[in-house]
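Undergrad: Here it is: the structure, laid out below.
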Amino acid sequence: MFRFIAWEIVKMLHLRSVRVGLVAAFVLPIIWTLAPGLKQAYGLVLVSGWQVPSLALLAGMEFLYPFLVAMAAAEVLGAEVSMGTLKPLLLRPLSRTRFIAAKLIAALAYPFLVLGVSLLAALLAGLPHGLGGFFGGTGLGEGGFAGVGYLSVEAAFAEILRAYFFAALTLLPIAALSLMFAVWFNSTTAAALGAIATVLLMRLLIAFPSLKPLLLTTYLDLYLRPGDWVMGLSLLFIYTLGFGLLAVLLFERKDV
Amino acid sequence: MPGATQPEAHLVVEDLSKRYGRKPVLERVSFSLAPGEVYALAGPNGSGKTTLIRLVTGLAFPTGGRVLMLGENVHEGGYGVRRHLGAVVEAPAAFYPYLTGRANLERLAWLSGLAGAAERIRDVLFQLELVAVADQPVASYSLGQRQRLGLAAAILAKPKVLVLDEPTSGLDPDGIQKVHEILKEQAASGVSVLLSTHHLREVSAYTDRVGILGGGRLIDEVVMEGAAERHRLRVSEPERALAVLQTLPFVEAAKRKGETLVVQGPVDEVVKALVDDGHRVYEVTADYFDLYEYYRERIKHV
């Protein structure tokens, strides 16, 4: 199974949307540090390179990263359909469950990949501003960008790493949802649009206060709210598992 | 004889039906393939050939009936049943374009759990005359090369049942000839071959049976073996000669067609019997069964 998953990840890296996404994730933090309107948009003057990753995360998690994840997860299956390679694979003595589970794991790896690239680019972009200890905050911990005093290199790095890790976790249900739609629709575009439309719809449902704690969109900024991690991660895990299982079940008896 | 099931059959299709919503695409189709038998599916576009092939290979699920491959249910028996199957269900066959032909086959061999894969891959690449391009990315292959690589992939794991949808589509005459040779070889080695085709005259030379699909039903099944043993005879007193032939035990069928007689049976004995009865035999020619003409006649009424 490990070899199969590795092959799926290699195949994923050949996808156009994945490559475009990785380039976008790399370029975004660099552009952001050069943006002349940072002060107006975020009330921020960069005092440390450690603040660049949080800028990239805040900007990207708004729409870009969920969109990239939805596109990539949809194309993981959609590309096999459009290239015609799905049928030859399923003609082999290969379990459909194993096949789609490997694809799901590859799709779930993508948020970590895209945010990893973004973090790397953000740290590179932060170098000119200095990556030493500083008075202030990363924007991802206590006190926001103002901070609560002196922040050491280790503490700043740990805060950023933790935030990126949790941000990637919050994107997992979107990846699973998009793959489920790809199984359903047999189309990359339809699946990605379906996933994005579902996320947007969930954002609108905050008008129903009783539903709000159950919506996955409520937890997309979980990396900023450490207090809600237990509830948020539990719910996101349930969503991911649910969408993943639905994808597996739908694919098991799907006409190809 | 639609629906005939042989106990030793490699592939048995029983009452297979498929509906999309309320629209029937395939209705109660039954046939079977014995080891080494070649079965061609013919029918106009939309007659259900591709749906039937997708059902037989387990890519699609029937709304009725079942498919048994070497006794195992293709849809309920788990994925292991496909170890007996080799198939090309699309033209041109699809591969990962950024991988070489050899690398594509290596991955398929790995998925099939094939032992001695490297050697077998070399063999099939040689057989399909793809050695020269084996290490080039598939993206650079011509349509014909892709089709041949598809057939190489299909026979890679030494299947017992080979299912091919339009295997000669997009091939040049040499490529077509090559495919036919390989299918004949496969059948001769005991592999059951099911193929769909529009090129009936091409396959009639080696196919054993032809199933004619129309409107989602198997409307006719032509056994080619008997058809190949027919002869046309121009004889004196054809009406009396016909009466004589109809009394002979070794004559399977005899009928008058204009001034000639069409006779199915051992031609030497037929001629001898007619001469012994005092007839003059002016001409004997093989009565090639024109499958295409027959097919056109059959589907005209669907």
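Within each chain, counting starts at residue 1; across the structure tokens, chains are named A, B, ... in the order shown, with ligands numbered 1 upward in that order.
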Give me every alpha helix (DSSP H) residue in range 181-287 of chain B, going by DSSP on the backbone, as a ChimeraX atom specification.

TA: /B:181-188,200-203,224-228,238-245,267-276

Undergrad: Output N, CA and C atoms of each residue in that selection to a file, as a tab-separated table (two decimals), in the first residue's frame.

TA:
```tsv
chain	number	residue	atom	x	y	z
B	181	GLU	N	-2.98	-11.07	-36.35
B	181	GLU	CA	-2.06	-12.20	-36.11
B	181	GLU	C	-1.97	-12.52	-34.62
B	182	ILE	N	-1.85	-11.47	-33.82
B	182	ILE	CA	-1.72	-11.69	-32.37
B	182	ILE	C	-3.01	-12.27	-31.79
B	183	LEU	N	-4.14	-11.79	-32.26
B	183	LEU	CA	-5.40	-12.34	-31.74
B	183	LEU	C	-5.54	-13.82	-32.11
B	184	LYS	N	-5.11	-14.14	-33.34
B	184	LYS	CA	-5.16	-15.56	-33.76
B	184	LYS	C	-4.24	-16.40	-32.87
B	185	GLU	N	-3.05	-15.87	-32.62
B	185	GLU	CA	-2.08	-16.59	-31.76
B	185	GLU	C	-2.64	-16.79	-30.36
B	186	GLN	N	-3.23	-15.72	-29.84
B	186	GLN	CA	-3.80	-15.81	-28.49
B	186	GLN	C	-4.89	-16.88	-28.44
B	187	ALA	N	-5.76	-16.85	-29.44
B	187	ALA	CA	-6.86	-17.83	-29.47
B	187	ALA	C	-6.29	-19.24	-29.60
B	188	ALA	N	-5.27	-19.38	-30.44
B	188	ALA	CA	-4.66	-20.71	-30.64
B	188	ALA	C	-4.04	-21.23	-29.34
B	200	LEU	N	-16.17	-6.16	-40.10
B	200	LEU	CA	-16.55	-7.57	-40.04
B	200	LEU	C	-15.78	-8.44	-41.03
B	201	ARG	N	-15.50	-7.89	-42.20
B	201	ARG	CA	-14.78	-8.71	-43.20
B	201	ARG	C	-13.39	-9.04	-42.71
B	202	GLU	N	-12.78	-8.09	-41.96
B	202	GLU	CA	-11.42	-8.32	-41.44
B	202	GLU	C	-11.40	-9.49	-40.46
B	203	VAL	N	-12.37	-9.53	-39.58
B	203	VAL	CA	-12.33	-10.53	-38.51
B	203	VAL	C	-12.98	-11.84	-38.89
B	224	MET	N	-19.41	-19.06	-37.47
B	224	MET	CA	-18.64	-18.89	-38.71
B	224	MET	C	-18.08	-20.19	-39.25
B	225	GLU	N	-17.89	-21.17	-38.40
B	225	GLU	CA	-17.23	-22.41	-38.84
B	225	GLU	C	-17.97	-23.06	-40.00
B	226	GLY	N	-19.27	-23.25	-39.82
B	226	GLY	CA	-20.09	-23.89	-40.84
B	226	GLY	C	-20.14	-23.05	-42.11
B	227	ALA	N	-20.17	-21.73	-41.89
B	227	ALA	CA	-20.27	-20.82	-43.02
B	227	ALA	C	-19.08	-20.95	-43.96
B	228	ALA	N	-17.93	-21.29	-43.40
B	228	ALA	CA	-16.73	-21.37	-44.23
B	228	ALA	C	-16.70	-22.61	-45.10
B	238	PRO	N	-30.31	-28.84	-62.11
B	238	PRO	CA	-30.10	-28.43	-60.69
B	238	PRO	C	-31.24	-28.86	-59.76
B	239	GLU	N	-32.47	-28.89	-60.28
B	239	GLU	CA	-33.59	-29.22	-59.39
B	239	GLU	C	-33.48	-30.68	-58.91
B	240	ARG	N	-33.15	-31.58	-59.88
B	240	ARG	CA	-33.01	-32.99	-59.52
B	240	ARG	C	-31.76	-33.19	-58.65
B	241	ALA	N	-30.70	-32.44	-58.98
B	241	ALA	CA	-29.45	-32.55	-58.19
B	241	ALA	C	-29.71	-32.14	-56.73
B	242	LEU	N	-30.53	-31.10	-56.57
B	242	LEU	CA	-30.85	-30.65	-55.21
B	242	LEU	C	-31.57	-31.74	-54.42
B	243	ALA	N	-32.51	-32.41	-55.12
B	243	ALA	CA	-33.26	-33.49	-54.47
B	243	ALA	C	-32.33	-34.61	-54.04
B	244	VAL	N	-31.34	-34.89	-54.89
B	244	VAL	CA	-30.37	-35.94	-54.56
B	244	VAL	C	-29.55	-35.53	-53.33
B	245	LEU	N	-29.05	-34.29	-53.37
B	245	LEU	CA	-28.19	-33.82	-52.27
B	245	LEU	C	-28.92	-33.85	-50.93
B	267	VAL	N	-16.98	-31.10	-49.87
B	267	VAL	CA	-17.22	-30.82	-51.29
B	267	VAL	C	-16.82	-31.98	-52.21
B	268	ASP	N	-15.73	-32.67	-51.86
B	268	ASP	CA	-15.30	-33.79	-52.73
B	268	ASP	C	-16.38	-34.87	-52.80
B	269	GLU	N	-16.92	-35.21	-51.65
B	269	GLU	CA	-17.95	-36.26	-51.62
B	269	GLU	C	-19.22	-35.80	-52.31
B	270	VAL	N	-19.54	-34.52	-52.18
B	270	VAL	CA	-20.74	-33.98	-52.83
B	270	VAL	C	-20.61	-34.10	-54.35
B	271	VAL	N	-19.45	-33.67	-54.87
B	271	VAL	CA	-19.23	-33.72	-56.32
B	271	VAL	C	-19.28	-35.17	-56.80
B	272	LYS	N	-18.63	-36.07	-56.07
B	272	LYS	CA	-18.60	-37.49	-56.46
B	272	LYS	C	-20.03	-38.05	-56.51
B	273	ALA	N	-20.83	-37.70	-55.52
B	273	ALA	CA	-22.20	-38.21	-55.45
B	273	ALA	C	-23.02	-37.72	-56.64
B	274	LEU	N	-22.81	-36.45	-57.01
B	274	LEU	CA	-23.57	-35.90	-58.14
B	274	LEU	C	-23.14	-36.55	-59.46
B	275	VAL	N	-21.83	-36.72	-59.64
B	275	VAL	CA	-21.31	-37.35	-60.86
B	275	VAL	C	-21.82	-38.80	-60.94
B	276	ASP	N	-21.78	-39.51	-59.81
B	276	ASP	CA	-22.28	-40.90	-59.78
B	276	ASP	C	-23.75	-40.97	-60.16
```

Undergrad: Distance table requested - chain A against chain B, cut-off 12 Å, only C-alpha atoms: one row per qualifying residue with the closest atom pair and its distance in Å to one decimal, ordered by chain and rising residue number, as JSON lines.

TA:
```
{"residue": "A:Met1", "atom": "CA", "partner": "B:Leu111", "partner_atom": "CA", "distance": 11.1}
{"residue": "A:Arg3", "atom": "CA", "partner": "B:Trp110", "partner_atom": "CA", "distance": 10.4}
{"residue": "A:Phe4", "atom": "CA", "partner": "B:Leu111", "partner_atom": "CA", "distance": 9.1}
{"residue": "A:Trp7", "atom": "CA", "partner": "B:Arg107", "partner_atom": "CA", "distance": 9.4}
{"residue": "A:Glu8", "atom": "CA", "partner": "B:Arg107", "partner_atom": "CA", "distance": 11.8}
{"residue": "A:Val10", "atom": "CA", "partner": "B:Tyr98", "partner_atom": "CA", "distance": 11.6}
{"residue": "A:Lys11", "atom": "CA", "partner": "B:Tyr96", "partner_atom": "CA", "distance": 9.0}
{"residue": "A:Leu13", "atom": "CA", "partner": "B:Tyr98", "partner_atom": "CA", "distance": 11.8}
{"residue": "A:His14", "atom": "CA", "partner": "B:Tyr98", "partner_atom": "CA", "distance": 8.5}
{"residue": "A:Leu15", "atom": "CA", "partner": "B:Tyr98", "partner_atom": "CA", "distance": 10.9}
{"residue": "A:Ala79", "atom": "CA", "partner": "B:Tyr96", "partner_atom": "CA", "distance": 10.3}
{"residue": "A:Glu80", "atom": "CA", "partner": "B:Tyr96", "partner_atom": "CA", "distance": 9.0}
{"residue": "A:Val81", "atom": "CA", "partner": "B:Ala94", "partner_atom": "CA", "distance": 10.1}
{"residue": "A:Ser82", "atom": "CA", "partner": "B:Ala94", "partner_atom": "CA", "distance": 9.8}
{"residue": "A:Met83", "atom": "CA", "partner": "B:Ala94", "partner_atom": "CA", "distance": 6.6}
{"residue": "A:Gly84", "atom": "CA", "partner": "B:Ala94", "partner_atom": "CA", "distance": 5.2}
{"residue": "A:Thr85", "atom": "CA", "partner": "B:Ala94", "partner_atom": "CA", "distance": 5.4}
{"residue": "A:Leu86", "atom": "CA", "partner": "B:Ala94", "partner_atom": "CA", "distance": 8.7}
{"residue": "A:Lys87", "atom": "CA", "partner": "B:Leu59", "partner_atom": "CA", "distance": 7.1}
{"residue": "A:Pro88", "atom": "CA", "partner": "B:Val88", "partner_atom": "CA", "distance": 7.3}
{"residue": "A:Leu89", "atom": "CA", "partner": "B:Leu108", "partner_atom": "CA", "distance": 7.4}
{"residue": "A:Leu90", "atom": "CA", "partner": "B:Leu59", "partner_atom": "CA", "distance": 7.0}
{"residue": "A:Leu91", "atom": "CA", "partner": "B:Arg82", "partner_atom": "CA", "distance": 6.6}
{"residue": "A:Arg92", "atom": "CA", "partner": "B:Ser112", "partner_atom": "CA", "distance": 5.7}
{"residue": "A:Pro93", "atom": "CA", "partner": "B:Arg82", "partner_atom": "CA", "distance": 4.8}
{"residue": "A:Leu94", "atom": "CA", "partner": "B:Tyr79", "partner_atom": "CA", "distance": 5.8}
{"residue": "A:Ser95", "atom": "CA", "partner": "B:Tyr79", "partner_atom": "CA", "distance": 5.5}
{"residue": "A:Arg96", "atom": "CA", "partner": "B:Tyr79", "partner_atom": "CA", "distance": 7.8}
{"residue": "A:Thr97", "atom": "CA", "partner": "B:Tyr79", "partner_atom": "CA", "distance": 10.1}
{"residue": "A:Arg98", "atom": "CA", "partner": "B:Tyr79", "partner_atom": "CA", "distance": 10.7}
{"residue": "A:Phe99", "atom": "CA", "partner": "B:Leu111", "partner_atom": "CA", "distance": 10.7}
{"residue": "A:Phe251", "atom": "CA", "partner": "B:Leu59", "partner_atom": "CA", "distance": 11.0}
{"residue": "A:Glu252", "atom": "CA", "partner": "B:Phe61", "partner_atom": "CA", "distance": 10.3}
{"residue": "A:Arg253", "atom": "CA", "partner": "B:Phe61", "partner_atom": "CA", "distance": 7.0}
{"residue": "A:Lys254", "atom": "CA", "partner": "B:Ala60", "partner_atom": "CA", "distance": 6.9}
{"residue": "A:Asp255", "atom": "CA", "partner": "B:Ala60", "partner_atom": "CA", "distance": 4.1}
{"residue": "A:Val256", "atom": "CA", "partner": "B:Leu59", "partner_atom": "CA", "distance": 5.2}
```

Undergrad: Quick one: residues within 10 Å of Asn45 in chain B, only C-alpha atoms, excluding same-chain residues fewer than 2 positions away - as a PyMOL selection string?

TA: chain B and resi 42-43+47-50+198+213-215
